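Structure data follow from protein-v4.txt (compact mmCIF, C-alpha atoms):
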```txt
# COMPACT_ATOMS: atom_id res chain seq x y z
CA MET A 1 -41.43 -6.74 -72.73
CA LYS A 2 -44.98 -8.02 -72.57
CA LYS A 3 -45.03 -7.06 -68.93
CA LEU A 4 -43.88 -3.54 -69.80
CA LEU A 5 -46.74 -3.17 -72.24
CA LEU A 6 -49.15 -4.28 -69.56
CA ILE A 7 -48.29 -1.42 -67.18
CA PRO A 8 -49.85 1.47 -69.15
CA LEU A 9 -52.78 -0.78 -69.97
CA LEU A 10 -53.38 -1.52 -66.29
CA ILE A 11 -53.10 2.18 -65.38
CA ASN A 12 -55.65 2.86 -68.10
CA ILE A 13 -58.05 0.27 -66.74
CA ALA A 14 -57.62 1.59 -63.20
CA PHE A 15 -58.30 5.11 -64.43
CA ALA A 16 -61.38 4.10 -66.40
CA SER A 17 -62.98 2.19 -63.54
CA VAL A 18 -62.23 4.77 -60.83
CA VAL A 19 -63.40 7.78 -62.78
CA ASP A 20 -66.43 5.90 -64.17
CA ASP A 21 -67.45 4.82 -60.67
CA TYR A 22 -66.97 8.38 -59.44
CA LEU A 23 -69.08 9.88 -62.26
CA ASN A 24 -71.71 7.17 -61.79
CA SER A 25 -72.13 7.88 -58.10
CA LEU A 26 -72.40 11.62 -58.85
CA LYS A 27 -75.00 10.85 -61.52
CA GLN A 28 -77.11 8.88 -59.02
CA GLU A 29 -76.98 11.88 -56.71
CA VAL A 30 -78.06 14.30 -59.45
CA LEU A 31 -80.90 11.96 -60.51
CA LYS A 32 -82.40 12.17 -57.02
CA GLU A 33 -82.92 15.91 -57.50
CA ASN A 34 -83.60 15.86 -61.22
CA PRO A 35 -85.09 12.58 -62.57
CA SER A 36 -84.86 13.81 -66.18
CA PHE A 37 -81.06 14.38 -65.98
CA THR A 38 -79.21 12.65 -68.81
CA SER A 39 -75.47 13.35 -68.75
CA PHE A 40 -72.64 15.57 -67.52
CA ASP A 41 -71.45 18.28 -69.86
CA ALA A 42 -67.83 19.26 -70.57
CA GLN A 43 -68.88 22.75 -71.71
CA ARG A 44 -70.59 23.49 -68.41
CA GLY A 45 -67.49 22.05 -66.77
CA GLU A 46 -65.24 24.41 -68.71
CA LYS A 47 -67.21 27.38 -67.45
CA ILE A 48 -66.88 26.15 -63.86
CA PHE A 49 -63.14 25.74 -64.37
CA THR A 50 -62.33 29.00 -66.12
CA THR A 51 -64.61 31.66 -64.58
CA ASN A 52 -63.48 33.94 -61.74
CA HIS A 53 -65.12 33.87 -58.32
CA ILE A 54 -64.57 35.46 -54.94
CA GLY A 55 -62.76 32.64 -53.20
CA LYS A 56 -62.00 31.71 -49.62
CA LYS A 57 -59.47 34.54 -49.29
CA GLY A 58 -62.10 37.11 -50.34
CA LYS A 59 -60.29 37.76 -53.61
CA GLU A 60 -61.01 36.88 -57.25
CA ILE A 61 -59.68 33.48 -58.23
CA SER A 62 -60.42 30.65 -60.68
CA CYS A 63 -59.23 27.06 -61.08
CA THR A 64 -56.96 28.34 -63.85
CA SER A 65 -55.15 30.64 -61.37
CA CYS A 66 -53.15 27.56 -60.35
CA HIS A 67 -53.82 24.96 -63.06
CA THR A 68 -53.56 27.40 -66.03
CA THR A 69 -55.81 27.04 -69.11
CA ASN A 70 -53.67 24.26 -70.59
CA LEU A 71 -54.40 21.17 -68.51
CA ASN A 72 -51.64 19.24 -70.25
CA ASN A 73 -49.03 21.58 -68.77
CA SER A 74 -47.84 21.95 -65.19
CA GLY A 75 -49.26 24.77 -63.12
CA GLU A 76 -48.14 26.57 -60.00
CA ASN A 77 -49.87 27.15 -56.67
CA THR A 78 -50.56 30.86 -56.95
CA PHE A 79 -50.02 31.44 -53.22
CA THR A 80 -46.96 29.29 -52.51
CA GLY A 81 -45.30 28.91 -55.92
CA LYS A 82 -45.21 25.11 -55.62
CA VAL A 83 -45.34 23.31 -58.99
CA ILE A 84 -48.56 21.40 -59.72
CA GLU A 85 -48.27 18.46 -62.12
CA PRO A 86 -50.65 18.47 -65.14
CA LEU A 87 -54.31 17.86 -64.29
CA SER A 88 -55.23 16.08 -67.52
CA PRO A 89 -54.98 12.27 -67.31
CA LYS A 90 -53.67 12.36 -70.87
CA ALA A 91 -50.52 14.18 -69.74
CA ASN A 92 -50.46 12.72 -66.24
CA PRO A 93 -51.88 9.15 -66.08
CA SER A 94 -51.96 9.12 -62.26
CA ARG A 95 -54.77 11.71 -62.23
CA PHE A 96 -58.27 10.47 -61.35
CA THR A 97 -57.03 7.00 -60.35
CA ASP A 98 -57.77 7.27 -56.62
CA ILE A 99 -61.22 8.13 -55.31
CA LYS A 100 -59.86 9.46 -52.00
CA GLU A 101 -57.58 11.91 -53.85
CA ILE A 102 -60.37 13.02 -56.19
CA GLU A 103 -62.77 13.74 -53.33
CA LYS A 104 -60.09 15.47 -51.23
CA TRP A 105 -59.16 17.93 -53.97
CA MET A 106 -62.74 18.54 -55.17
CA LYS A 107 -63.73 19.59 -51.65
CA ARG A 108 -60.64 21.74 -51.08
CA ASN A 109 -60.58 23.42 -54.47
CA PHE A 110 -64.31 24.23 -54.65
CA ASN A 111 -63.94 25.80 -51.21
CA ASP A 112 -60.85 27.77 -52.28
CA VAL A 113 -62.37 29.06 -55.54
CA TYR A 114 -66.14 29.16 -54.83
CA ASN A 115 -66.00 29.46 -51.04
CA ARG A 116 -68.44 26.54 -50.81
CA GLU A 117 -68.45 22.85 -51.72
CA GLY A 118 -69.40 21.82 -55.26
CA THR A 119 -72.76 20.16 -56.04
CA ALA A 120 -72.83 16.68 -57.57
CA LEU A 121 -73.76 18.25 -60.93
CA GLU A 122 -70.84 20.70 -60.80
CA LYS A 123 -68.33 18.02 -59.77
CA GLY A 124 -69.54 15.73 -62.59
CA ASP A 125 -69.38 18.50 -65.18
CA VAL A 126 -65.91 19.70 -64.19
CA THR A 127 -64.56 16.12 -64.03
CA THR A 128 -65.95 15.46 -67.51
CA TYR A 129 -64.22 18.62 -68.75
CA ILE A 130 -60.86 17.74 -67.20
CA ILE A 131 -60.64 14.10 -68.29
CA ASN A 132 -61.43 15.03 -71.89
CA LYS A 133 -58.92 17.88 -72.07
CA MET B 1 -9.20 10.81 -22.37
CA LYS B 2 -8.52 10.32 -26.08
CA LYS B 3 -11.44 7.96 -26.22
CA LEU B 4 -13.66 10.47 -24.52
CA ILE B 5 -12.73 13.20 -27.02
CA LEU B 6 -13.34 10.80 -29.88
CA ILE B 7 -16.75 9.85 -28.52
CA LEU B 8 -17.65 13.46 -27.85
CA SER B 9 -16.61 14.64 -31.29
CA ALA B 10 -18.43 11.78 -33.00
CA PHE B 11 -21.49 12.59 -30.92
CA SER B 12 -21.37 16.31 -31.64
CA SER B 13 -20.95 15.77 -35.38
CA LEU B 14 -23.98 13.50 -35.24
CA MET B 15 -25.87 16.06 -33.24
CA PHE B 16 -25.20 19.00 -35.50
CA ALA B 17 -25.16 17.39 -38.93
CA GLN B 18 -28.44 19.20 -39.48
CA ASP B 19 -30.06 22.30 -38.03
CA VAL B 20 -33.33 20.42 -37.68
CA ALA B 21 -34.14 16.74 -38.09
CA PRO B 22 -35.12 16.00 -41.74
CA VAL B 23 -38.66 14.86 -42.54
CA ASN B 24 -38.88 11.06 -42.47
CA ASN B 25 -42.56 10.37 -43.01
CA GLN B 26 -43.94 9.62 -46.48
CA LEU B 27 -47.51 10.64 -45.74
CA TYR B 28 -46.28 13.95 -44.35
CA THR B 29 -44.16 14.65 -47.43
CA LYS B 30 -47.04 13.74 -49.74
CA GLU B 31 -49.85 15.57 -47.97
CA CYS B 32 -48.12 18.69 -46.66
CA GLY B 33 -45.62 18.85 -49.50
CA SER B 34 -48.22 18.93 -52.27
CA CYS B 35 -49.00 22.62 -51.67
CA HIS B 36 -45.86 23.94 -49.99
CA PHE B 37 -42.41 23.06 -48.69
CA ALA B 38 -42.68 20.12 -46.26
CA TYR B 39 -41.50 21.99 -43.15
CA GLN B 40 -39.61 19.84 -40.65
CA ALA B 41 -41.63 18.99 -37.55
CA GLY B 42 -38.73 20.36 -35.47
CA LEU B 43 -39.50 23.91 -36.64
CA LEU B 44 -42.42 24.34 -34.19
CA PRO B 45 -43.33 23.07 -30.73
CA ALA B 46 -46.18 20.54 -30.42
CA ASN B 47 -48.70 23.07 -29.08
CA ALA B 48 -48.27 25.21 -32.21
CA TRP B 49 -48.65 22.21 -34.54
CA ASN B 50 -51.76 21.14 -32.67
CA LYS B 51 -53.28 24.62 -32.96
CA MET B 52 -52.61 24.59 -36.72
CA MET B 53 -53.86 21.05 -37.34
CA LYS B 54 -57.19 21.83 -35.63
CA ASN B 55 -58.09 24.28 -38.39
CA LEU B 56 -56.96 22.65 -41.62
CA ASP B 57 -60.16 23.70 -43.40
CA MET B 58 -58.99 27.28 -42.83
CA HIS B 59 -55.22 26.79 -43.27
CA PHE B 60 -53.74 30.21 -44.08
CA GLU B 61 -57.11 31.01 -45.71
CA THR B 62 -57.15 27.89 -47.87
CA ASP B 63 -58.87 24.54 -47.40
CA ALA B 64 -56.27 21.89 -46.55
CA SER B 65 -58.68 19.48 -44.86
CA LEU B 66 -57.79 15.78 -44.63
CA GLU B 67 -59.63 12.57 -43.92
CA ASP B 68 -59.65 11.91 -40.20
CA GLU B 69 -57.36 8.86 -40.34
CA ASP B 70 -54.63 10.77 -42.22
CA LEU B 71 -55.09 13.81 -40.00
CA GLN B 72 -54.51 11.69 -36.86
CA THR B 73 -51.40 10.06 -38.39
CA LEU B 74 -49.90 13.45 -39.21
CA VAL B 75 -50.79 14.99 -35.84
CA LYS B 76 -49.03 12.09 -34.15
CA TYR B 77 -45.97 12.47 -36.39
CA LEU B 78 -45.75 16.20 -35.65
CA ASN B 79 -46.16 15.63 -31.92
CA ASP B 80 -43.53 12.86 -31.84
CA ASN B 81 -40.99 15.03 -33.69
CA SER B 82 -41.78 18.58 -32.57
CA ALA B 83 -39.13 21.17 -31.73
CA GLU B 84 -39.15 20.86 -27.92
CA LYS B 85 -38.38 17.14 -28.24
CA ASN B 86 -35.43 17.91 -30.55
CA MET B 87 -33.48 20.42 -28.51
CA GLN B 88 -30.16 18.85 -29.57
CA TYR B 89 -30.82 20.40 -32.98
CA LYS B 90 -29.65 24.01 -33.11
CA ARG B 91 -32.61 25.60 -34.87
CA SER B 92 -35.27 23.65 -32.96
CA ASN B 93 -33.58 24.79 -29.78
CA LYS B 94 -33.39 28.44 -30.85
CA ILE B 95 -37.00 28.52 -32.03
CA VAL B 96 -38.32 27.01 -28.80
CA SER B 97 -36.13 29.29 -26.65
CA SER B 98 -37.39 32.39 -28.50
CA ILE B 99 -41.07 31.77 -27.79
CA LYS B 100 -42.34 33.57 -24.66
CA ALA B 101 -44.05 31.50 -21.98
CA GLY B 102 -47.77 31.18 -22.68
CA GLN B 103 -47.43 32.10 -26.36
CA ILE B 104 -48.40 29.67 -29.12
CA PRO B 105 -47.21 30.83 -32.56
CA ASP B 106 -49.55 30.59 -35.59
CA SER B 107 -46.73 29.78 -38.02
CA ILE B 108 -43.01 29.12 -38.26
CA SER B 109 -42.38 32.53 -39.86
CA THR B 110 -43.96 34.36 -36.92
CA THR B 111 -41.81 32.80 -34.20
CA PRO B 112 -39.54 35.46 -32.63
CA TYR B 113 -36.40 33.61 -33.77
CA MET B 114 -37.52 33.52 -37.42
CA ILE B 115 -38.54 37.20 -37.36
CA LYS B 116 -35.15 38.14 -35.93
CA LYS B 117 -33.20 36.03 -38.42
CA HIS B 118 -34.98 37.56 -41.44
CA LYS B 119 -35.28 41.19 -40.29
CA ASP B 120 -32.28 42.54 -42.24
CA ILE B 121 -33.42 41.24 -45.63
CA ARG B 122 -34.76 43.85 -48.04
CA LYS B 123 -38.57 43.56 -48.25
CA ASP B 124 -38.72 43.46 -52.05
CA LEU B 125 -36.38 40.45 -52.08
CA ILE B 126 -38.85 38.58 -49.89
CA THR B 127 -42.01 39.59 -51.78
CA GLN B 128 -40.55 39.08 -55.28
CA ASN B 129 -42.24 36.41 -57.37
CA GLU B 130 -39.32 33.96 -57.08
CA VAL B 131 -39.75 33.94 -53.30
CA LYS B 132 -43.29 35.16 -52.47
CA GLY B 133 -42.76 35.18 -48.69
CA ILE B 134 -40.73 34.01 -45.71
CA PHE B 135 -42.73 30.75 -45.79
CA ASN B 136 -40.90 29.66 -48.97
CA CYS B 137 -37.73 28.24 -47.34
CA MET B 138 -36.35 26.55 -50.47
CA ALA B 139 -36.40 29.77 -52.50
CA CYS B 140 -33.21 30.92 -50.70
CA HIS B 141 -32.15 28.10 -48.34
CA THR B 142 -31.02 25.70 -51.06
CA THR B 143 -30.55 22.80 -48.63
CA ALA B 144 -33.66 23.37 -46.49
CA ASN B 145 -35.12 20.03 -47.58
CA LYS B 146 -32.15 18.32 -45.88
CA GLY B 147 -32.75 20.24 -42.67
CA ILE B 148 -29.75 22.51 -43.32
CA TYR B 149 -30.37 26.26 -43.06
CA GLY B 150 -26.82 27.62 -42.60
CA LYS B 151 -25.47 30.79 -44.17
CA LYS B 152 -23.22 29.06 -46.69
CA ASP B 153 -26.18 27.50 -48.48
CA ILE B 154 -28.24 30.68 -48.85
CA VAL B 155 -28.70 32.10 -52.35
CA ILE B 156 -31.34 34.85 -52.64
CA PRO B 157 -32.84 35.19 -56.14
CA ASN B 158 -31.81 38.46 -57.86
CA PHE B 159 -29.35 39.13 -55.03
CA GLY B 160 -26.95 36.25 -54.61
CA ARG B 161 -25.18 34.79 -51.61
CA TRP B 162 -26.02 36.22 -48.19
CA LYS B 163 -23.18 37.76 -46.19
CA ASP B 164 -23.57 39.67 -42.95
```
Encoded form (structure tokens):
Amino acid sequence: MKKLLLIPLLINIAFASVVDDYLNSLKQEVLKENPSFTSFDAQRGEKIFTTNHIGKKGKEISCTSCHTTNLNNSGENTFTGKVIEPLSPKANPSRFTDIKEIEKWMKRNFNDVYNREGTALEKGDVTTYIINK
Amino acid sequence: MKKLILILSAFSSLMFAQDVAPVNNQLYTKECGSCHFAYQAGLLPANAWNKMMKNLDMHFETDASLEDEDLQTLVKYLNDNSAEKNMQYKRSNKIVSSIKAGQIPDSISTTPYMIKKHKDIRKDLITQNEVKGIFNCMACHTTANKGIYGKKDIVIPNFGRWKD
């Protein structure tokens, strides 16, 4: 039983350290450009996540096109119909626990929605928005 | 003679249990299957897979790029299990045989065999939201994930079983 209780705790610790390390390294990057930078902002992140842009296909798209506006629910790949598990770590504890996965999807999804890669500031803001949703 | 028939029938049932060899690589299922159906490697020849895997940052107009190590693992898997190396499987065989010499298809759906097999289906049944396109095997081929594409397992949404 004790062991069972340990599992969610360990996932939580893994999540906290991975996402903290990720945000920290982004912060160091932002500080190089802007020495007076203080912290990432969930509200700026929300705007990044919910606004429409001309994406890689040359058509209007936003992050919510696939992930929906409720990050605790599943979404659906708007092109293929494939189900996407919830993005919020609160609903889906495996989210933001693997740095390789985080970086892979940030690169792909900024390219798909913004037709360019995200800046360190944008990636930090949108991560802050998602993990607090 | 009896033995020979027994061996032959056992062999042929082994050979044709599936139309294509099922996917048996975890990384492939995870990486390719996160955005779409994890198509069996035996649905395209190696040269077509290689053409596709060279441009993953522009994969059907989306970014599907991978870290180099994972990319190399998947390219090797696709090459080891591609259609022309699986000619004992009916669909792999038919797909390869349908491609004209010198042609390298851009997708499974645009191979001559796939075009021919889907040409009699009403367009609106293919474009409807439950299907979206020919690329969505599982929408109608209910056993596609097992490598089985036969008629008896086809159920088209808002249409029903396929009979021809």
Distance-based interface of chain A with chain B, 8 Å, counting only C-alpha atoms, as a list in words: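 Residues satisfying the distance criterion: Lys56, Lys57, Asn77, Phe79, Thr80, Gly81, Lys82, Ile84, Lys104, Arg108, Asn109, Asn111 and Asp112 of chain A.
Closest approach to Met106 in chain A from the set A:Glu85, A:Phe49, A:Ile54, A:Thr68 is made by A:Phe49, with distances taken over all atoms listed in the file.
Pairwise distance (CA of Ile121 in chain B, CA of Met52 in chain B) equals 26.9 Å.
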Test item: residues at most 9 Å from Asp80 in chain B, only C-alpha atoms, excluding those fewer than 4 positions along its chain, as a list in words: Ala41, Ala46, Val75, Lys76 and Lys85 of chain B
Distance in Å - CA of Lys100 in chain B versus CA of Tyr113 in chain B: 10.9 Å
Two-atom distance - CA of Asn72 in chain A, CA of Ile130 in chain A (Å): 9.8 Å
Test item: which residues lie within 10 Å of (-32.2, 27.6, -32.3) counting only C-alpha atoms, as a PyMOL selection string: chain B and resi 19-20+43+83+87-98+113-114
Test item: axis-aligned box, all listed atoms of range 91-103 of chain A, 3 Å on each side, centre and edges in Å rounded to one decimal, as JSON:
```
{"center_x": -56.6, "center_y": 10.6, "center_z": -60.9, "size_x": 18.3, "size_y": 13.2, "size_z": 23.7}
```
Minimum-distance residue to Phe159 in chain B, chosen among B:Cys137, B:Cys32, B:Leu56, B:Ile126 (using all atoms listed in the file):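 Looking only at the distances to Phe159 in chain B, the closest residue turns out to be B:Ile126.
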Regenerate range 95-106 of chain A at the level of all heavy atoms and dump it as a compact mmCIF listing (two decimals), in the frame of the given file.
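And here is the file that came out, result_15.txt:
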```
# COMPACT_ATOMS: atom_id res chain seq x y z
N ARG A 95 -53.58 10.92 -62.60
CA ARG A 95 -54.77 11.71 -62.23
C ARG A 95 -56.05 10.88 -62.30
O ARG A 95 -56.20 10.06 -63.20
CB ARG A 95 -54.91 12.93 -63.16
CG ARG A 95 -53.83 13.98 -62.98
CD ARG A 95 -53.92 14.66 -61.63
NE ARG A 95 -53.01 15.81 -61.56
CZ ARG A 95 -52.68 16.40 -60.43
NH1 ARG A 95 -53.14 15.96 -59.27
NH2 ARG A 95 -51.87 17.44 -60.44
N PHE A 96 -56.95 11.12 -61.38
CA PHE A 96 -58.27 10.47 -61.35
C PHE A 96 -58.17 8.95 -61.26
O PHE A 96 -58.95 8.23 -61.87
CB PHE A 96 -59.12 10.90 -62.56
CG PHE A 96 -59.53 12.35 -62.49
CD1 PHE A 96 -58.71 13.35 -63.01
CD2 PHE A 96 -60.73 12.73 -61.88
CE1 PHE A 96 -59.07 14.69 -62.93
CE2 PHE A 96 -61.10 14.07 -61.80
CZ PHE A 96 -60.28 15.06 -62.32
N THR A 97 -57.15 8.45 -60.54
CA THR A 97 -57.03 7.00 -60.35
C THR A 97 -57.29 6.60 -58.90
O THR A 97 -57.19 5.43 -58.55
CB THR A 97 -55.62 6.50 -60.74
OG1 THR A 97 -54.65 7.23 -59.98
CG2 THR A 97 -55.35 6.69 -62.23
N ASP A 98 -57.60 7.56 -58.04
CA ASP A 98 -57.77 7.27 -56.62
C ASP A 98 -58.93 8.11 -56.09
O ASP A 98 -58.85 9.34 -56.04
CB ASP A 98 -56.45 7.62 -55.89
CG ASP A 98 -56.52 7.34 -54.39
OD1 ASP A 98 -57.63 7.10 -53.86
OD2 ASP A 98 -55.45 7.37 -53.75
N ILE A 99 -59.99 7.44 -55.70
CA ILE A 99 -61.22 8.13 -55.31
C ILE A 99 -61.00 9.07 -54.11
O ILE A 99 -61.56 10.17 -54.06
CB ILE A 99 -62.36 7.10 -55.04
CG1 ILE A 99 -63.70 7.81 -54.83
CG2 ILE A 99 -62.06 6.17 -53.89
CD1 ILE A 99 -64.27 8.41 -56.09
N LYS A 100 -60.14 8.63 -53.18
CA LYS A 100 -59.86 9.46 -52.00
C LYS A 100 -59.19 10.79 -52.41
O LYS A 100 -59.53 11.85 -51.88
CB LYS A 100 -58.94 8.66 -51.07
CG LYS A 100 -58.81 9.20 -49.68
CD LYS A 100 -57.99 8.22 -48.84
CE LYS A 100 -57.25 8.93 -47.74
NZ LYS A 100 -56.26 8.06 -47.09
N GLU A 101 -58.26 10.70 -53.35
CA GLU A 101 -57.58 11.91 -53.85
C GLU A 101 -58.56 12.82 -54.57
O GLU A 101 -58.56 14.03 -54.38
CB GLU A 101 -56.45 11.52 -54.82
CG GLU A 101 -55.21 10.97 -54.16
CD GLU A 101 -54.45 12.02 -53.35
OE1 GLU A 101 -54.02 13.02 -53.93
OE2 GLU A 101 -54.30 11.82 -52.13
N ILE A 102 -59.40 12.23 -55.42
CA ILE A 102 -60.37 13.02 -56.19
C ILE A 102 -61.26 13.80 -55.23
O ILE A 102 -61.44 15.01 -55.35
CB ILE A 102 -61.25 12.13 -57.11
CG1 ILE A 102 -60.39 11.33 -58.10
CG2 ILE A 102 -62.26 12.99 -57.86
CD1 ILE A 102 -61.18 10.30 -58.91
N GLU A 103 -61.82 13.09 -54.25
CA GLU A 103 -62.77 13.74 -53.33
C GLU A 103 -62.08 14.79 -52.46
O GLU A 103 -62.65 15.85 -52.18
CB GLU A 103 -63.50 12.69 -52.50
CG GLU A 103 -64.53 11.98 -53.37
CD GLU A 103 -65.29 10.86 -52.68
OE1 GLU A 103 -64.82 10.38 -51.63
OE2 GLU A 103 -66.34 10.46 -53.22
N LYS A 104 -60.83 14.51 -52.05
CA LYS A 104 -60.09 15.47 -51.23
C LYS A 104 -59.90 16.79 -51.97
O LYS A 104 -60.19 17.87 -51.44
CB LYS A 104 -58.72 14.87 -50.86
CG LYS A 104 -57.83 15.80 -50.05
CD LYS A 104 -56.47 15.14 -49.73
CE LYS A 104 -55.55 15.19 -50.93
NZ LYS A 104 -54.25 14.55 -50.68
N TRP A 105 -59.45 16.69 -53.22
CA TRP A 105 -59.16 17.93 -53.97
C TRP A 105 -60.42 18.64 -54.43
O TRP A 105 -60.44 19.87 -54.50
CB TRP A 105 -58.22 17.61 -55.15
CG TRP A 105 -56.82 17.34 -54.68
CD1 TRP A 105 -56.16 16.15 -54.70
CD2 TRP A 105 -55.92 18.28 -54.05
NE1 TRP A 105 -54.91 16.28 -54.14
CE2 TRP A 105 -54.74 17.58 -53.74
CE3 TRP A 105 -56.01 19.63 -53.73
CZ2 TRP A 105 -53.63 18.19 -53.13
CZ3 TRP A 105 -54.91 20.25 -53.12
CH2 TRP A 105 -53.75 19.52 -52.82
N MET A 106 -61.47 17.89 -54.78
CA MET A 106 -62.74 18.54 -55.17
C MET A 106 -63.25 19.40 -54.02
O MET A 106 -63.67 20.54 -54.21
CB MET A 106 -63.80 17.49 -55.53
CG MET A 106 -63.64 16.92 -56.89
SD MET A 106 -64.08 18.12 -58.17
CE MET A 106 -63.62 17.18 -59.62
```
